[in-house]
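Worksheet: the structure to be examined is printed underneath.
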Amino acid sequence: FMTVQLGRPKQLRLYAGRDSLPEREGCQKEMQVEKEDLTILYEDNHLIVVVKPQNVPTQADSSGDADLLSAVKAYVKEKYGKPGEAFIGLVHRLDRPTGGVMVFARTSKAAARLGEQIKNGTFVKKYLAVTVGTPRDRAGRLTNWLVKDEATNTVRIVPAKVNEAARMAVLDYKVLEERPPVCLIDVHLITGRSHQARVQLAGLKTPIFGDARYGGAIAKGHNLALWAYELRFTHPTTGNAMVFKVFPPADKEPWKRFPIDRYINVSRPESRY
(Lines give C-alpha, C1' and ligand atoms only; values in the text may rest on other atoms or scores of the structure.)
Protein backbone atom coordinates (compact mmCIF):
# COMPACT_ATOMS: atom_id res chain seq x y z
CA PHE A 1 0.00 0.00 0.00
CA MET A 2 1.34 3.40 -0.89
CA THR A 3 0.21 6.93 -0.17
CA VAL A 4 2.02 9.84 -1.75
CA GLN A 5 1.56 13.39 -0.53
CA LEU A 6 2.32 16.59 -2.33
CA GLY A 7 2.04 19.19 0.40
CA ARG A 8 1.38 22.06 -1.98
CA PRO A 9 1.66 22.30 -5.75
CA LYS A 10 4.63 24.38 -6.79
CA GLN A 11 4.02 27.64 -8.60
CA LEU A 12 4.38 27.05 -12.32
CA ARG A 13 5.72 29.85 -14.46
CA LEU A 14 3.26 31.85 -16.50
CA TYR A 15 4.24 32.38 -20.09
CA ALA A 16 3.31 35.27 -22.33
CA GLY A 17 -0.15 34.89 -23.74
CA ARG A 18 -3.56 36.46 -23.85
CA ASP A 19 -4.60 38.44 -20.80
CA SER A 20 -7.53 36.09 -20.39
CA LEU A 21 -9.17 33.15 -22.07
CA PRO A 22 -12.65 33.48 -23.52
CA GLU A 23 -15.16 33.91 -20.73
CA ARG A 24 -16.79 30.59 -21.64
CA GLU A 25 -13.68 28.80 -20.38
CA GLY A 26 -14.09 30.25 -16.89
CA CYS A 27 -10.34 30.76 -16.69
CA GLN A 28 -8.37 33.51 -15.02
CA LYS A 29 -5.33 33.47 -17.29
CA GLU A 30 -3.83 31.29 -19.96
CA MET A 31 -1.00 29.05 -18.78
CA GLN A 32 1.45 26.97 -20.71
CA VAL A 33 3.48 24.12 -19.29
CA GLU A 34 6.84 22.81 -20.40
CA LYS A 35 8.68 19.70 -19.31
CA GLU A 36 10.89 21.52 -16.79
CA ASP A 37 7.78 22.81 -15.04
CA LEU A 38 6.20 19.42 -14.39
CA THR A 39 5.29 18.56 -10.82
CA ILE A 40 5.84 14.80 -10.69
CA LEU A 41 4.45 12.87 -7.75
CA TYR A 42 5.57 9.39 -8.81
CA GLU A 43 7.11 7.57 -11.75
CA ASP A 44 8.29 4.07 -12.61
CA ASN A 45 8.58 2.00 -15.78
CA HIS A 46 4.79 1.71 -16.04
CA LEU A 47 3.28 4.94 -14.71
CA ILE A 48 3.88 8.62 -14.25
CA VAL A 49 1.69 10.66 -11.88
CA VAL A 50 1.73 14.44 -12.22
CA VAL A 51 -0.12 17.57 -11.17
CA LYS A 52 -2.06 19.22 -13.98
CA PRO A 53 -1.98 23.01 -13.75
CA GLN A 54 -5.25 24.84 -14.19
CA ASN A 55 -6.01 26.33 -17.62
CA VAL A 56 -3.70 23.93 -19.45
CA PRO A 57 -5.37 21.41 -21.80
CA THR A 58 -4.84 17.75 -20.97
CA GLN A 59 -4.03 17.01 -24.61
CA ALA A 60 -3.53 19.03 -27.78
CA ASP A 61 -6.66 20.80 -29.03
CA SER A 62 -7.69 23.33 -31.63
CA SER A 63 -6.30 26.22 -29.56
CA GLY A 64 -2.75 25.17 -30.34
CA ASP A 65 -1.73 25.91 -26.72
CA ALA A 66 0.90 23.81 -24.99
CA ASP A 67 -0.69 20.74 -23.38
CA LEU A 68 0.15 18.41 -20.50
CA LEU A 69 0.36 15.18 -22.51
CA SER A 70 3.00 16.64 -24.82
CA ALA A 71 4.96 17.98 -21.84
CA VAL A 72 4.99 14.52 -20.21
CA LYS A 73 6.15 12.93 -23.47
CA ALA A 74 8.96 15.49 -23.78
CA TYR A 75 10.02 14.88 -20.18
CA VAL A 76 10.17 11.07 -20.60
CA LYS A 77 11.95 11.31 -23.96
CA GLU A 78 14.65 13.57 -22.54
CA LYS A 79 15.11 11.85 -19.17
CA TYR A 80 15.32 8.32 -20.54
CA GLY A 81 16.88 9.11 -23.94
CA LYS A 82 13.97 7.60 -25.86
CA PRO A 83 14.44 7.56 -29.63
CA GLY A 84 11.53 9.07 -31.53
CA GLU A 85 8.34 10.00 -29.70
CA ALA A 86 7.92 8.48 -26.23
CA PHE A 87 4.77 6.43 -25.64
CA ILE A 88 2.50 7.99 -23.03
CA GLY A 89 -1.01 6.60 -22.67
CA LEU A 90 -3.82 9.00 -21.81
CA VAL A 91 -6.18 7.04 -19.55
CA HIS A 92 -8.33 9.86 -18.15
CA ARG A 93 -8.77 13.60 -18.59
CA LEU A 94 -9.37 16.79 -16.67
CA ASP A 95 -11.19 19.73 -18.20
CA ARG A 96 -8.91 22.60 -19.14
CA PRO A 97 -9.91 24.89 -16.22
CA THR A 98 -9.57 22.04 -13.69
CA GLY A 99 -6.28 21.29 -11.96
CA GLY A 100 -5.07 18.40 -9.85
CA VAL A 101 -3.64 14.90 -9.89
CA MET A 102 -3.46 12.78 -13.07
CA VAL A 103 -1.85 9.48 -13.99
CA PHE A 104 -0.43 8.63 -17.42
CA ALA A 105 0.59 5.15 -18.59
CA ARG A 106 4.11 4.51 -19.88
CA THR A 107 3.22 1.24 -21.61
CA SER A 108 0.26 0.02 -23.63
CA LYS A 109 -0.28 -2.79 -21.11
CA ALA A 110 -0.49 -0.32 -18.23
CA ALA A 111 -2.89 1.85 -20.23
CA ALA A 112 -5.16 -1.12 -20.94
CA ARG A 113 -5.20 -2.28 -17.31
CA LEU A 114 -5.92 1.20 -15.98
CA GLY A 115 -8.68 1.50 -18.56
CA GLU A 116 -10.25 -1.68 -17.21
CA GLN A 117 -10.20 -0.22 -13.70
CA ILE A 118 -12.02 2.85 -14.96
CA LYS A 119 -14.66 0.62 -16.56
CA ASN A 120 -15.19 -1.52 -13.45
CA GLY A 121 -15.27 1.43 -11.05
CA THR A 122 -12.11 0.71 -9.04
CA PHE A 123 -10.29 3.78 -10.39
CA VAL A 124 -11.35 6.45 -7.88
CA LYS A 125 -11.29 10.19 -8.59
CA LYS A 126 -12.18 12.72 -5.90
CA TYR A 127 -12.48 16.46 -6.21
CA LEU A 128 -12.88 19.50 -4.03
CA ALA A 129 -15.26 22.14 -5.32
CA VAL A 130 -16.28 25.51 -3.97
CA THR A 131 -19.82 26.37 -4.96
CA VAL A 132 -21.79 29.59 -4.81
CA GLY A 133 -24.59 28.63 -2.47
CA THR A 134 -25.15 25.39 -0.55
CA PRO A 135 -27.07 22.38 -1.88
CA ARG A 136 -30.37 21.77 -0.13
CA ASP A 137 -29.28 18.25 0.82
CA ARG A 138 -25.88 18.20 2.52
CA ALA A 139 -24.94 14.89 0.92
CA GLY A 140 -26.31 12.80 -1.87
CA ARG A 141 -25.94 11.12 -5.24
CA LEU A 142 -26.72 13.01 -8.44
CA THR A 143 -27.79 11.02 -11.49
CA ASN A 144 -28.49 12.92 -14.70
CA TRP A 145 -28.52 12.42 -18.45
CA LEU A 146 -26.10 14.79 -20.16
CA VAL A 147 -25.84 15.84 -23.80
CA LYS A 148 -22.81 17.64 -25.19
CA ASP A 149 -23.02 20.20 -27.96
CA GLU A 150 -19.73 19.73 -29.80
CA ALA A 151 -20.14 22.97 -31.75
CA THR A 152 -20.24 25.12 -28.60
CA ASN A 153 -18.38 22.72 -26.28
CA THR A 154 -21.16 22.95 -23.73
CA VAL A 155 -23.06 20.26 -21.85
CA ARG A 156 -26.65 20.32 -20.68
CA ILE A 157 -28.89 18.16 -18.50
CA VAL A 158 -31.77 16.46 -20.30
CA PRO A 159 -34.74 14.71 -18.66
CA ALA A 160 -34.09 11.30 -20.22
CA LYS A 161 -31.98 9.49 -22.81
CA VAL A 162 -33.31 11.65 -25.63
CA ASN A 163 -30.87 10.34 -28.23
CA GLU A 164 -27.76 8.22 -28.67
CA ALA A 165 -25.56 11.15 -27.68
CA ALA A 166 -27.03 11.29 -24.17
CA ARG A 167 -24.81 9.87 -21.44
CA MET A 168 -25.68 9.01 -17.86
CA ALA A 169 -23.61 10.94 -15.31
CA VAL A 170 -23.36 9.93 -11.66
CA LEU A 171 -21.54 11.61 -8.78
CA ASP A 172 -21.62 11.56 -5.00
CA TYR A 173 -21.15 14.78 -3.05
CA LYS A 174 -20.86 15.89 0.55
CA VAL A 175 -20.92 19.40 1.99
CA LEU A 176 -17.80 19.89 4.10
CA GLU A 177 -18.07 23.49 5.27
CA GLU A 178 -20.01 26.68 4.59
CA ARG A 179 -18.52 30.15 4.44
CA PRO A 180 -21.45 32.12 3.00
CA PRO A 181 -21.94 32.81 0.21
CA VAL A 182 -19.65 29.93 -0.76
CA CYS A 183 -19.47 26.29 0.27
CA LEU A 184 -16.73 23.63 0.19
CA ILE A 185 -17.88 20.30 -1.25
CA ASP A 186 -16.25 16.89 -1.65
CA VAL A 187 -17.14 15.33 -5.01
CA HIS A 188 -16.63 11.69 -6.02
CA LEU A 189 -17.16 11.11 -9.73
CA ILE A 190 -18.67 7.70 -10.41
CA THR A 191 -18.67 8.38 -14.16
CA GLY A 192 -16.31 10.61 -16.07
CA ARG A 193 -18.37 12.75 -18.43
CA SER A 194 -17.22 16.00 -19.97
CA HIS A 195 -17.91 18.99 -17.66
CA GLN A 196 -19.84 16.60 -15.42
CA ALA A 197 -19.29 18.09 -11.96
CA ARG A 198 -19.73 21.61 -13.28
CA VAL A 199 -23.03 20.86 -14.98
CA GLN A 200 -24.52 18.68 -12.25
CA LEU A 201 -23.70 21.11 -9.44
CA ALA A 202 -25.05 23.99 -11.51
CA GLY A 203 -28.21 21.90 -11.89
CA LEU A 204 -28.67 22.19 -8.12
CA LYS A 205 -28.53 25.99 -8.48
CA THR A 206 -25.12 25.91 -6.78
CA PRO A 207 -22.63 26.56 -9.61
CA ILE A 208 -18.91 26.23 -9.03
CA PHE A 209 -17.15 29.44 -8.05
CA GLY A 210 -15.59 31.09 -11.10
CA ASP A 211 -17.55 29.03 -13.64
CA ALA A 212 -18.74 31.67 -16.10
CA ARG A 213 -19.88 29.00 -18.56
CA TYR A 214 -22.41 27.26 -16.34
CA GLY A 215 -22.96 29.72 -13.52
CA GLY A 216 -22.97 33.14 -15.09
CA ALA A 217 -20.36 35.83 -14.42
CA ILE A 218 -19.56 34.61 -10.92
CA ALA A 219 -16.30 35.75 -9.34
CA LYS A 220 -14.95 36.90 -12.67
CA GLY A 221 -11.16 37.04 -12.66
CA HIS A 222 -10.73 33.90 -10.55
CA ASN A 223 -9.93 30.37 -11.67
CA LEU A 224 -12.56 27.67 -11.60
CA ALA A 225 -12.73 26.30 -8.04
CA LEU A 226 -12.65 22.62 -8.99
CA TRP A 227 -9.60 20.56 -8.03
CA ALA A 228 -8.83 16.85 -8.46
CA TYR A 229 -7.30 16.22 -5.05
CA GLU A 230 -7.27 12.42 -4.82
CA LEU A 231 -6.61 9.51 -7.15
CA ARG A 232 -6.80 5.82 -6.16
CA PHE A 233 -6.07 2.83 -8.35
CA THR A 234 -4.27 -0.51 -8.38
CA HIS A 235 -0.80 -0.55 -9.87
CA PRO A 236 -1.20 -2.34 -13.22
CA THR A 237 1.89 -4.52 -12.70
CA THR A 238 2.58 -4.93 -8.97
CA GLY A 239 -1.04 -4.97 -7.82
CA ASN A 240 -0.25 -2.51 -5.02
CA ALA A 241 -2.84 0.08 -4.00
CA MET A 242 -1.77 3.52 -5.17
CA VAL A 243 -3.17 6.63 -3.46
CA PHE A 244 -2.19 10.17 -4.43
CA LYS A 245 -3.42 13.38 -2.85
CA VAL A 246 -2.59 16.94 -3.77
CA PHE A 247 -3.71 20.23 -2.25
CA PRO A 248 -5.40 22.97 -4.26
CA PRO A 249 -3.68 26.38 -4.30
CA ALA A 250 -4.70 27.23 -0.75
CA ASP A 251 -3.38 30.79 -0.94
CA LYS A 252 -5.78 31.65 -3.77
CA GLU A 253 -9.45 32.57 -3.80
CA PRO A 254 -11.70 30.92 -2.84
CA TRP A 255 -9.59 28.10 -1.35
CA LYS A 256 -8.00 30.35 1.25
CA ARG A 257 -11.39 30.78 2.93
CA PHE A 258 -11.30 27.16 4.08
CA PRO A 259 -8.98 25.04 6.28
CA ILE A 260 -8.14 22.64 3.45
CA ASP A 261 -5.69 20.63 5.59
CA ARG A 262 -8.63 19.52 7.73
CA TYR A 263 -10.24 17.74 4.82
CA ILE A 264 -7.27 16.20 2.99
CA ASN A 265 -5.88 13.57 5.33
CA VAL A 266 -2.50 12.25 4.26
CA SER A 267 -0.47 9.44 5.81
CA ARG A 268 3.24 8.83 5.31
CA PRO A 269 4.28 6.46 2.50
CA GLU A 270 4.64 2.92 3.83
CA SER A 271 6.87 1.84 0.96
CA ARG A 272 8.80 3.33 -1.91
CA TYR A 273 9.69 1.58 -5.14
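Residues are named by chain letter and number: chains run A, B, ... in the order of the C-alpha coordinates, numbers start at 1 in each chain, and ligands are numbered from 1 in the order shown.
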
Next item on the list: Determine which residues of stretch 50-248 of chain A DSSP labels as strand (DSSP E) from the backbone of this structure, then write them out as an MDAnalysis selection string.
Entry: chainID A and resid 50:52 89:90 99:105 124:132 139:149 154:158 167:179 182:189 226:234 241:246

Notebook entry, point to check: Can you list, as a PyMOL selection string, every protein, DNA or RNA residue that comes within 6 Å of A:Lys126 when you count only C-alpha atoms, leaving out same-chain residues fewer than 2 positions away?
Noted result: chain A and resi 187-188+228+230

Would you mind exporting the chosen residues as a short mmCIF file (atom, residue, chain, number, x, y, z; two decimals), in the first residue's frame, restricted to N, CA and C atoms?
```cif
data_model
loop_
_atom_site.label_atom_id
_atom_site.label_comp_id
_atom_site.auth_asym_id
_atom_site.auth_seq_id
_atom_site.Cartn_x
_atom_site.Cartn_y
_atom_site.Cartn_z
N VAL A 187 -16.44 15.93 -3.88
CA VAL A 187 -17.14 15.33 -5.01
C VAL A 187 -16.42 14.05 -5.43
N HIS A 188 -17.17 12.96 -5.53
CA HIS A 188 -16.63 11.69 -6.02
C HIS A 188 -17.33 11.37 -7.33
N ALA A 228 -8.93 18.31 -8.63
CA ALA A 228 -8.83 16.85 -8.46
C ALA A 228 -7.78 16.56 -7.39
N GLU A 230 -7.62 13.79 -5.18
CA GLU A 230 -7.27 12.42 -4.82
C GLU A 230 -7.49 11.47 -5.98
#
```

Note to self: For a quick check of understanding, using only C-alpha atoms, which of A:Asp261, A:Asp65, A:Glu150, A:Asp137 has the smallest distance to A:Lys174?
What the structure shows: A:Asp137

Note to self: Need the shell around A:Asp95: protein/DNA/RNA residues with any atom at most 9 Å away, counting only C-alpha atoms. Skip same-chain ones fewer than 6 positions apart. Format as a PyMOL selection string?
What the structure shows: chain A and resi 54-58+194-195

Note to self: I'd like to know which residues of stretch 72-236 of chain A are alpha helix (DSSP H) (by DSSP, run on the backbone); could you write them as number ranges by chain?
What the structure shows: A: 72-80, 108-120, 196-203, 212-215

Check: How far is it from atom CA of A:Asn153 to atom CA of A:Val101, in Å with one decimal?
Finding: 23.4 Å

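Using only C-alpha atoms, the shortest contact distance between A:Leu204 and any of A:Val51, A:Leu69, A:Ala112, A:Ile157 is found at A:Ile157.
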
Next item on the list: With a distance cut-off of 9 Å and only C-alpha atoms, select the neighbouring residues of A:Asp186, excluding the residue or stretch itself and same-chain residues fewer than 2 positions from it, and output the selection as a PyMOL selection string.
Entry: chain A and resi 126-130+172-176+184+188+263

Keeping only N, CA and C atoms, write the selected residues to a file as a CSV table (one decimal), in the first residue's frame.
```csv
chain,number,residue,atom,x,y,z
A,126,LYS,N,-11.5,11.8,-6.8
A,126,LYS,CA,-12.2,12.7,-5.9
A,126,LYS,C,-11.7,14.2,-6.1
A,127,TYR,N,-12.7,15.1,-6.0
A,127,TYR,CA,-12.5,16.5,-6.2
A,127,TYR,C,-12.9,17.3,-5.0
A,128,LEU,N,-12.3,18.5,-4.9
A,128,LEU,CA,-12.9,19.5,-4.0
A,128,LEU,C,-13.5,20.6,-4.9
A,129,ALA,N,-14.6,21.1,-4.6
A,129,ALA,CA,-15.3,22.1,-5.3
A,129,ALA,C,-15.8,23.2,-4.3
A,130,VAL,N,-15.7,24.4,-4.7
A,130,VAL,CA,-16.3,25.5,-4.0
A,130,VAL,C,-17.4,26.0,-4.8
A,172,ASP,N,-21.3,11.4,-6.4
A,172,ASP,CA,-21.6,11.6,-5.0
A,172,ASP,C,-21.0,12.8,-4.5
A,173,TYR,N,-21.7,13.5,-3.6
A,173,TYR,CA,-21.1,14.8,-3.0
A,173,TYR,C,-21.5,14.9,-1.6
A,174,LYS,N,-20.7,15.7,-0.9
A,174,LYS,CA,-20.9,15.9,0.5
A,174,LYS,C,-20.4,17.3,0.9
A,175,VAL,N,-21.3,18.1,1.5
A,175,VAL,CA,-20.9,19.4,2.0
A,175,VAL,C,-20.0,19.3,3.2
A,176,LEU,N,-18.8,19.9,3.0
A,176,LEU,CA,-17.8,19.9,4.1
A,176,LEU,C,-17.9,21.1,5.0
A,184,LEU,N,-17.7,24.6,0.6
A,184,LEU,CA,-16.7,23.6,0.2
A,184,LEU,C,-17.4,22.3,0.1
A,188,HIS,N,-17.2,13.0,-5.5
A,188,HIS,CA,-16.6,11.7,-6.0
A,188,HIS,C,-17.3,11.4,-7.3
A,263,TYR,N,-9.4,18.6,5.6
A,263,TYR,CA,-10.2,17.7,4.8
A,263,TYR,C,-9.4,16.8,3.9
```

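The nearest approach to A:Gly221 among the residues A:Pro236, A:Arg179, A:Glu253, A:Gly203, with only C-alpha atoms taken into account, belongs to A:Glu253.
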
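Our summary of the geometry notes that atom CA of A:Ala202 is positioned 6.4 Å from atom CA of A:Tyr214.
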
Check: Hey, what's within 10 Å of A:Asp44 if we count only C-alpha atoms and toss same-chain stuff fewer than 2 positions away? As a list in words, please?
Finding: Tyr42, His46, Leu47, Ile48, Val49, Ala105, Arg106 and Tyr273 of chain A

Can I get the selection written as a tab-separated table (two decimals), in the first residue's frame, with all heavy atoms?
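selection12.tsv written:
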```tsv
chain	number	residue	atom	x	y	z
A	42	TYR	N	5.10	10.79	-8.81
A	42	TYR	CA	5.57	9.39	-8.81
A	42	TYR	C	5.84	8.98	-10.25
A	42	TYR	O	5.14	9.39	-11.18
A	42	TYR	CB	4.51	8.48	-8.20
A	42	TYR	CG	4.86	7.01	-8.26
A	42	TYR	CD1	5.65	6.43	-7.28
A	42	TYR	CD2	4.39	6.21	-9.30
A	42	TYR	CE1	5.98	5.07	-7.34
A	42	TYR	CE2	4.71	4.86	-9.36
A	42	TYR	CZ	5.51	4.30	-8.39
A	42	TYR	OH	5.84	2.97	-8.45
A	46	HIS	N	6.15	1.97	-15.57
A	46	HIS	CA	4.79	1.71	-16.04
A	46	HIS	C	3.88	2.92	-15.96
A	46	HIS	O	2.93	3.03	-16.73
A	46	HIS	CB	4.17	0.56	-15.23
A	46	HIS	CG	5.07	-0.62	-15.08
A	46	HIS	ND1	5.21	-1.57	-16.08
A	46	HIS	CD2	5.91	-1.00	-14.08
A	46	HIS	CE1	6.10	-2.48	-15.69
A	46	HIS	NE2	6.52	-2.16	-14.48
A	47	LEU	N	4.17	3.82	-15.01
A	47	LEU	CA	3.28	4.94	-14.71
A	47	LEU	C	4.06	6.23	-14.51
A	47	LEU	O	5.24	6.20	-14.16
A	47	LEU	CB	2.50	4.70	-13.42
A	47	LEU	CG	1.70	3.42	-13.24
A	47	LEU	CD1	1.22	3.33	-11.81
A	47	LEU	CD2	0.52	3.41	-14.21
A	48	ILE	N	3.37	7.33	-14.71
A	48	ILE	CA	3.88	8.62	-14.25
A	48	ILE	C	2.68	9.42	-13.75
A	48	ILE	O	1.67	9.55	-14.44
A	48	ILE	CB	4.67	9.36	-15.35
A	48	ILE	CG1	5.23	10.69	-14.82
A	48	ILE	CG2	3.82	9.58	-16.60
A	48	ILE	CD1	6.29	11.30	-15.71
A	49	VAL	N	2.78	9.92	-12.52
A	49	VAL	CA	1.69	10.66	-11.88
A	49	VAL	C	2.14	12.11	-11.71
A	49	VAL	O	3.21	12.37	-11.15
A	49	VAL	CB	1.33	10.05	-10.51
A	49	VAL	CG1	0.17	10.81	-9.87
A	49	VAL	CG2	0.97	8.57	-10.66
A	105	ALA	N	-0.04	6.46	-18.45
A	105	ALA	CA	0.59	5.15	-18.59
A	105	ALA	C	1.84	5.27	-19.44
A	105	ALA	O	1.87	6.01	-20.43
A	105	ALA	CB	-0.39	4.16	-19.22
A	106	ARG	N	2.88	4.51	-19.09
A	106	ARG	CA	4.11	4.51	-19.88
A	106	ARG	C	4.21	3.31	-20.80
A	106	ARG	O	5.15	3.22	-21.60
A	106	ARG	CB	5.32	4.59	-18.95
A	106	ARG	CG	5.48	5.94	-18.26
A	106	ARG	CD	6.85	6.10	-17.64
A	106	ARG	NE	7.90	5.90	-18.65
A	106	ARG	CZ	9.15	5.60	-18.35
A	106	ARG	NH1	9.52	5.47	-17.08
A	106	ARG	NH2	10.05	5.43	-19.31
A	273	TYR	N	9.12	2.48	-4.16
A	273	TYR	CA	9.69	1.58	-5.14
A	273	TYR	C	9.60	2.23	-6.50
A	273	TYR	O	8.96	3.25	-6.65
A	273	TYR	CB	8.99	0.23	-5.16
A	273	TYR	CG	7.51	0.32	-5.28
A	273	TYR	CD1	6.88	0.27	-6.53
A	273	TYR	CD2	6.71	0.49	-4.15
A	273	TYR	CE1	5.53	0.36	-6.65
A	273	TYR	CE2	5.35	0.58	-4.26
A	273	TYR	CZ	4.76	0.50	-5.50
A	273	TYR	OH	3.39	0.59	-5.61
```

Notebook entry, point to check: Quick one, how far is atom CA of A:Ala110 from atom CA of A:His235?
Noted result: 8.4 Å

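For the set A:Phe104, A:Phe244, A:Phe123, A:Trp145, the residue with the smallest atom-to-atom gap to A:Lys161 is A:Trp145, counting only C-alpha atoms.
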
Check: Near A:Gln196, counting only C-alpha atoms, which residues have an atom at most 9 Å away, once you skip same-chain residues fewer than 6 positions from it, shown as an MDAnalysis selection string?
Finding: chainID A and resid 146 155 169:171 189
